[in-house]
There are 2 protein chains.
Amino acid sequence: MKEFDLVENIKSRYGLTAVGDDCAVLPNGPENELLMTADLLIEGIDFELGWTTPRLIGHKALAVSLSDIAAMGGTPRWALLSLGIPQSLWTSEFIDEFYGGWNALASTYSVELVGGDISRSPDKFLVDSVVGGDVPKGRAIMRSGARPDDVIFVTGVLGGAAAGLKMLLNEGQNTACDSRPAGLLVLRQLQPVPQLVIGNLLQEQGLATAMIDLSDGLSSDLQHLIDASDVGAEIDLDALPIHRELSNGFDVDTCRDLALNGGEDFELLFTCAPNHEPEVAQLGCKRIGTIKAGENIIVSTAGALIEPRGFRHF
Amino acid sequence: MKEFDLVENIKSRYGLTAVGDDCAVLPNGPENELLMTADLLIEGIDFELGWTTPRLIGHKALAVSLSDIAAMGGTPRWALLSLGIPQSLWTSEFIDEFYGGWNALASTYSVELVGGDISRSPDKFLVDSVVGGDVPKGRAIMRSGARPDDVIFVTGVLGGAAAGLKMLLNEGQNTACDSRPAGLLVLRQLQPVPQLVIGNLLQEQGLATAMIDLSDGLSSDLQHLIDASDVGAEIDLDALPIHRELSNGFDVDTCRDLALNGGEDFELLFTCAPNHEPEVAQLGCKRIGTIKAGENIIVSTAGALIEPRGFRHF
């Protein structure tokens with residue numbers, strides 16, 4: 001059973017309707033809606049202590065949740081942090097450094113830590129990052145709003161985080177951060193930047209019809225978006241904006257594979273109505289394809305089927 | 001460094017004011033406030049798979065968070081669930097059973113599952129339970145409202161959950177559930193009942209000046225309450241309502257120790273103004289002591305210092 005199958009199974013069995021977008025959208029007074037998201041990061045699965053630093057783990061734990069708020073066009077407000085801490089890390093400076101990294105990013109966006117939980121963990125460090133935000137009522141950008149002929153955009157370059165992960169897996173240490181250009185790719189993996197400014201701007205100006213953040217990888221995340229919208233998509237593989245450092249060390253096919261299927265770039269993938277295309281292009285976003293009527297599949301402009309090959313936990 | 005020291009350290013370093021009660025209290029429109037709580041339960045620390053069932057883990061994960069909402073006098077509304085699942089449990093009926101237990105309790109209180117996260121875990125099953133609730137504006141019952149001469153109450157009997165844990169630790173299996181009276185104590189540990197009805201009633205009728213749920217143990221939780229309120233407390237040890245099954249198998253000293261320092265009974269500990277004592281007693285709550293001016297310490301009616309000896313993770 002795949003992760004998405006489990007979620008679908010649970011949703012259908014228990015009649016859940018609010019589960020499935022980047023954030024849950026909940027009532028919050030007359031003017032706003034509350035956005036809620038949770039992201040669980042576990043040592044040995046989502047990161048290795050040998051690759052990264054406690055400060056970068058703190059940064060990333062918050063960044064991935066802020067990215068979910070960005071994908072709804074919202075503004076983050078407050079956070080809960082639940083930490084599972086092995087005995088060996090308790091007396092060290094680890095926790096202080098972790099909070100330092102978390103707090104530096106939180107301060108940038110005025111996110112307040114309001115609660116959470118701390119538990120001992122048998123051997124692995126783990127963090128569940130929960131962020132609450134808001135969006136004006138009825139303005140949250142869902143995955144389900146894409147319509148045929150809408151234009152598909154991404155906010156930035158692709159494949160860098162997955163290339164950085166490849167380097168970390170090969171090298172088994174974080175010294176790669178010290179040598180450029182490898183360091184740029186490794187930081188793309190370890191220190192993602194949530195696209196809150198552009199996400200909020202797209203919402204305020206009513207430019208995006210559907211949006212999702214790129215966490216699993218373009219092919220999988222676009223599949224989520226077209227499934228939710230009940231449409232198809234055509235992608236121009238030559239138009240994918242590939243991280244410029246990928247050409248140092250990866251061949252053309254690998255670059256395209258990383259851009260298409262590599263996860264954790266935390267750029268935004270969104271659609272806009274054709275008449276808004278010029279305004280969106282002026283914001284620096286890159287057009288990569290078009291929404292199509294019909295089956296919920298992704299094809300290339302050459303007509304080849306593009307299957308979702310992004311990250312899955314199971 | 002103890003768990004509470006870490007939290008205090010982080011609060012003071014980063015100027016956090018909202019952290020520290022059973023729930024964070026956040027703005028939520030003109031009439032209500034939002035209550036938020038998170039509880040992290042990790043296999044090998046908070047439970048063992050050999051002791052309990054997936055269904056009971058699902059129940060308890062939600063129950064402990066509902067207890068936090070109860071301790072503020074609030075009403076639970078929705079929840080996020082983050083699950084770390086080892087490969088070995090993925091294909092089994094484990095997850096289905098876990099959700100079944102979670103959902104049975106959630107349905108009782110009309111709590112809707114709105115989101116969360118699922119991650120693979122290296123070897124241990126873990127769950128972070130996040131619940132959102134609400135309370136009329138300005139009516140949340142904080143830990144900090146106890147005043148000298150207030151009367152201290154608990155909503156029910158003490159020591160049962162800790163006695164049940166002792167039995168599980170000795171027996172190493174859950175067959176104890178089948179034999180009464182041991183089964184009653186084991187279920188007190190594995191299937192706690194959140195005191196939402198009485199918590200809500202105390203809030204609506206304005207009867208409680210301060211409240212906390214009994215998760216770490218009476219001595220520690222009362223210490224949290226008097227620290228937050230900047231008062232002292234005097235406890236009548238002979239008045240502690242001890243779970244009636246404890247006398248089968250535990251001597252008098254052990255019974256008192258379990259009632260005073262044993263955790264996870266998930267009853268509510270609260271204070272009320274002296275003039276409200278008769279109304280509170282009519283609700284079936286048990287008077288156990290009095291709030292005192294002066295040092296933030298707990299003493300017995302005989303004048304002996306009672307130190308906090310409840311559960312600590314570190």
# chains A, B, ... in the order shown; residues from 1 in each chain; ligands from 1
>>> residues_around(residues="B:Leu158", least_positions_apart="4", cutoff="9 Å", atoms="only C-alpha atoms", output="JSON, numbers by chain")
{"B": [154, 162, 217, 218, 240, 241, 242, 243, 258, 259, 260, 262, 263, 265, 267]}
>>> write_last_selection(atoms="all heavy atoms", output="JSON list (two decimals), in the first residue's frame")
[["chain", "number", "residue", "atom", "x", "y", "z"],
["B", 154, "VAL", "N", -9.84, 17.69, 42.66],
["B", 154, "VAL", "CA", -9.60, 16.82, 41.51],
["B", 154, "VAL", "C", -10.94, 16.23, 41.08],
["B", 154, "VAL", "O", -11.86, 16.09, 41.89],
["B", 154, "VAL", "CB", -8.59, 15.68, 41.80],
["B", 154, "VAL", "CG1", -7.19, 16.23, 41.98],
["B", 154, "VAL", "CG2", -9.01, 14.86, 43.00],
["B", 162, "ALA", "N", -0.96, 4.74, 36.96],
["B", 162, "ALA", "CA", 0.41, 4.39, 37.34],
["B", 162, "ALA", "C", 0.48, 2.95, 37.85],
["B", 162, "ALA", "O", 1.45, 2.23, 37.58],
["B", 162, "ALA", "CB", 0.92, 5.36, 38.41],
["B", 217, "GLY", "N", 1.60, 13.66, 37.03],
["B", 217, "GLY", "CA", 1.36, 13.20, 38.40],
["B", 217, "GLY", "C", 0.99, 14.39, 39.26],
["B", 217, "GLY", "O", 1.47, 15.51, 39.04],
["B", 218, "LEU", "N", 0.14, 14.14, 40.27],
["B", 218, "LEU", "CA", -0.41, 15.23, 41.08],
["B", 218, "LEU", "C", 0.66, 16.17, 41.64],
["B", 218, "LEU", "O", 0.54, 17.39, 41.53],
["B", 218, "LEU", "CB", -1.24, 14.64, 42.24],
["B", 218, "LEU", "CG", -1.78, 15.64, 43.26],
["B", 218, "LEU", "CD1", -2.73, 16.63, 42.63],
["B", 218, "LEU", "CD2", -2.48, 14.91, 44.41],
["B", 240, "LEU", "N", -6.77, 12.37, 49.59],
["B", 240, "LEU", "CA", -6.56, 12.01, 48.18],
["B", 240, "LEU", "C", -7.48, 10.85, 47.79],
["B", 240, "LEU", "O", -7.47, 9.80, 48.45],
["B", 240, "LEU", "CB", -5.11, 11.58, 47.94],
["B", 240, "LEU", "CG", -4.02, 12.65, 48.16],
["B", 240, "LEU", "CD1", -2.65, 12.05, 47.81],
["B", 240, "LEU", "CD2", -4.29, 13.90, 47.34],
["B", 241, "PRO", "N", -8.27, 11.02, 46.74],
["B", 241, "PRO", "CA", -9.18, 9.93, 46.34],
["B", 241, "PRO", "C", -8.40, 8.87, 45.56],
["B", 241, "PRO", "O", -8.03, 9.08, 44.41],
["B", 241, "PRO", "CB", -10.21, 10.65, 45.44],
["B", 241, "PRO", "CG", -9.50, 11.84, 44.89],
["B", 241, "PRO", "CD", -8.43, 12.22, 45.88],
["B", 242, "ILE", "N", -8.14, 7.75, 46.22],
["B", 242, "ILE", "CA", -7.31, 6.70, 45.62],
["B", 242, "ILE", "C", -8.19, 5.68, 44.90],
["B", 242, "ILE", "O", -9.25, 5.30, 45.42],
["B", 242, "ILE", "CB", -6.46, 6.03, 46.72],
["B", 242, "ILE", "CG1", -5.44, 7.06, 47.25],
["B", 242, "ILE", "CG2", -5.74, 4.80, 46.19],
["B", 242, "ILE", "CD1", -4.63, 6.59, 48.44],
["B", 243, "HIS", "N", -7.76, 5.28, 43.70],
["B", 243, "HIS", "CA", -8.51, 4.28, 42.91],
["B", 243, "HIS", "C", -8.77, 3.05, 43.78],
["B", 243, "HIS", "O", -7.86, 2.50, 44.38],
["B", 243, "HIS", "CB", -7.71, 3.90, 41.67],
["B", 243, "HIS", "CG", -8.50, 3.16, 40.64],
["B", 243, "HIS", "ND1", -9.00, 1.90, 40.84],
["B", 243, "HIS", "CD2", -8.90, 3.52, 39.39],
["B", 243, "HIS", "CE1", -9.66, 1.50, 39.76],
["B", 243, "HIS", "NE2", -9.62, 2.48, 38.86],
["B", 258, "LEU", "N", 1.52, 6.30, 44.59],
["B", 258, "LEU", "CA", 0.95, 6.25, 43.24],
["B", 258, "LEU", "C", -0.05, 7.39, 43.04],
["B", 258, "LEU", "O", -0.10, 8.01, 41.97],
["B", 258, "LEU", "CB", 0.26, 4.90, 42.99],
["B", 258, "LEU", "CG", 1.21, 3.70, 42.85],
["B", 258, "LEU", "CD1", 0.42, 2.40, 42.88],
["B", 258, "LEU", "CD2", 2.02, 3.80, 41.57],
["B", 259, "ALA", "N", -0.86, 7.69, 44.05],
["B", 259, "ALA", "CA", -1.86, 8.77, 43.93],
["B", 259, "ALA", "C", -1.19, 10.13, 43.85],
["B", 259, "ALA", "O", -1.65, 11.03, 43.15],
["B", 259, "ALA", "CB", -2.83, 8.71, 45.10],
["B", 260, "LEU", "N", -0.08, 10.27, 44.57],
["B", 260, "LEU", "CA", 0.59, 11.58, 44.65],
["B", 260, "LEU", "C", 1.54, 11.82, 43.48],
["B", 260, "LEU", "O", 1.65, 12.93, 42.96],
["B", 260, "LEU", "CB", 1.38, 11.64, 45.98],
["B", 260, "LEU", "CG", 1.87, 12.99, 46.47],
["B", 260, "LEU", "CD1", 0.72, 13.97, 46.66],
["B", 260, "LEU", "CD2", 2.63, 12.79, 47.79],
["B", 262, "GLY", "N", 2.11, 9.32, 40.72],
["B", 262, "GLY", "CA", 1.89, 8.54, 39.50],
["B", 262, "GLY", "C", 1.25, 9.39, 38.42],
["B", 262, "GLY", "O", 0.39, 10.22, 38.71],
["B", 263, "GLY", "N", 1.64, 9.21, 37.19],
["B", 263, "GLY", "CA", 1.13, 10.04, 36.09],
["B", 263, "GLY", "C", -0.03, 9.41, 35.35],
["B", 263, "GLY", "O", -0.45, 8.29, 35.64],
["B", 265, "ASP", "N", -3.29, 9.83, 34.96],
["B", 265, "ASP", "CA", -4.70, 9.60, 35.30],
["B", 265, "ASP", "C", -5.64, 10.44, 34.43],
["B", 265, "ASP", "O", -6.80, 10.09, 34.24],
["B", 265, "ASP", "CB", -4.97, 9.91, 36.78],
["B", 265, "ASP", "CG", -4.52, 8.76, 37.68],
["B", 265, "ASP", "OD1", -4.77, 7.59, 37.32],
["B", 265, "ASP", "OD2", -3.92, 9.03, 38.73],
["B", 267, "GLU", "N", -7.22, 12.98, 35.02],
["B", 267, "GLU", "CA", -8.27, 13.74, 35.70],
["B", 267, "GLU", "C", -7.86, 15.22, 35.65],
["B", 267, "GLU", "O", -6.73, 15.55, 35.27],
["B", 267, "GLU", "CB", -8.41, 13.28, 37.16],
["B", 267, "GLU", "CG", -8.83, 11.83, 37.32],
["B", 267, "GLU", "CD", -10.26, 11.55, 36.84],
["B", 267, "GLU", "OE1", -11.06, 12.52, 36.75],
["B", 267, "GLU", "OE2", -10.55, 10.39, 36.53]]
>>> closest_residue(among="B:Met72, B:Leu62, B:Leu80, B:Ala239", to="chain A", atoms="only C-alpha atoms")
B:Leu80
>>> closest_residue(among="A:Ala63, A:Ala104, A:Leu56, A:Leu305", to="chain B", atoms="only C-alpha atoms")
A:Ala104
>>> closest_residue(among="B:Ile288, B:Leu40, B:Ala140, B:Ile69", to="A:Ser82", atoms="only C-alpha atoms")
B:Leu40
>>> select_by_dssp(residues="stretch 2-235 of chain B", states="strand (DSSP E or B)", output="PyMOL selection string")
chain B and resi 24-28+32-43+47+75-86+112-121+126-136+151-154+158+210-213+232-235
>>> select_by_dssp(residues="stretch 61-274 of chain A", states="alpha helix (DSSP H)", output="number ranges by chain")
A: 61-71, 87-90, 94-108, 160-171, 182-190, 196-204, 218-229, 252-261
>>> closest_residue(among="A:Thr53, A:Ser119, A:Ser219, A:Ser88", to="chain B", atoms="only C-alpha atoms")
A:Ser119
>>> residues_around(residues="A:Ala233", least_positions_apart="6", cutoff="7 Å", atoms="only C-alpha atoms", output="list in words")
Thr290, Ile291, Lys292, Ile297, Ile298 and Val299 of chain A
>>> write_last_selection(atoms="N, CA and C atoms", output="compact mmCIF listing (two decimals), in the first residue's frame")
# COMPACT_ATOMS: atom_id res chain seq x y z
N THR A 290 0.86 23.41 -20.16
CA THR A 290 -0.53 23.84 -20.29
C THR A 290 -1.44 22.76 -19.71
N ILE A 291 -2.52 23.20 -19.09
CA ILE A 291 -3.54 22.27 -18.60
C ILE A 291 -4.43 21.84 -19.77
N LYS A 292 -4.77 20.54 -19.80
CA LYS A 292 -5.58 19.97 -20.89
C LYS A 292 -6.85 19.35 -20.32
N ILE A 297 -3.69 12.73 -16.83
CA ILE A 297 -2.32 12.27 -17.08
C ILE A 297 -1.46 13.45 -17.53
N ILE A 298 -0.14 13.26 -17.39
CA ILE A 298 0.82 14.26 -17.87
C ILE A 298 1.48 13.72 -19.13
N VAL A 299 1.51 14.53 -20.17
CA VAL A 299 2.25 14.15 -21.39
C VAL A 299 3.26 15.24 -21.71
>>> closest_residue(among="B:Leu169, B:Phe311, B:Thr209, B:Leu214", to="chain A", atoms="only C-alpha atoms")
B:Phe311
>>> atom_distance(atom1="atom CA of B:Leu35", atom2="atom CA of B:Cys23")
5.7 Å
>>> residues_around(residues="A:Ala70", least_positions_apart="6", cutoff="9 Å", atoms="only C-alpha atoms", output="NGL selection string")
:A and (76 or 194-200 or 212-213 or 268)
>>> closest_residue(among="A:Gly74, A:Gly133, A:Gly249, A:Pro54", to="chain B", atoms="only C-alpha atoms")
A:Gly133
>>> residues_around(residues="A:Arg120", least_positions_apart="6", cutoff="7 Å", atoms="only C-alpha atoms", output="list in words")
Gly84, Ile85, Pro86 and Gln87 of chain A; Ile45 and His313 of chain B
>>> atom_distance(atom1="atom CA of B:Gly164", atom2="atom CA of B:Asn248")
12.2 Å
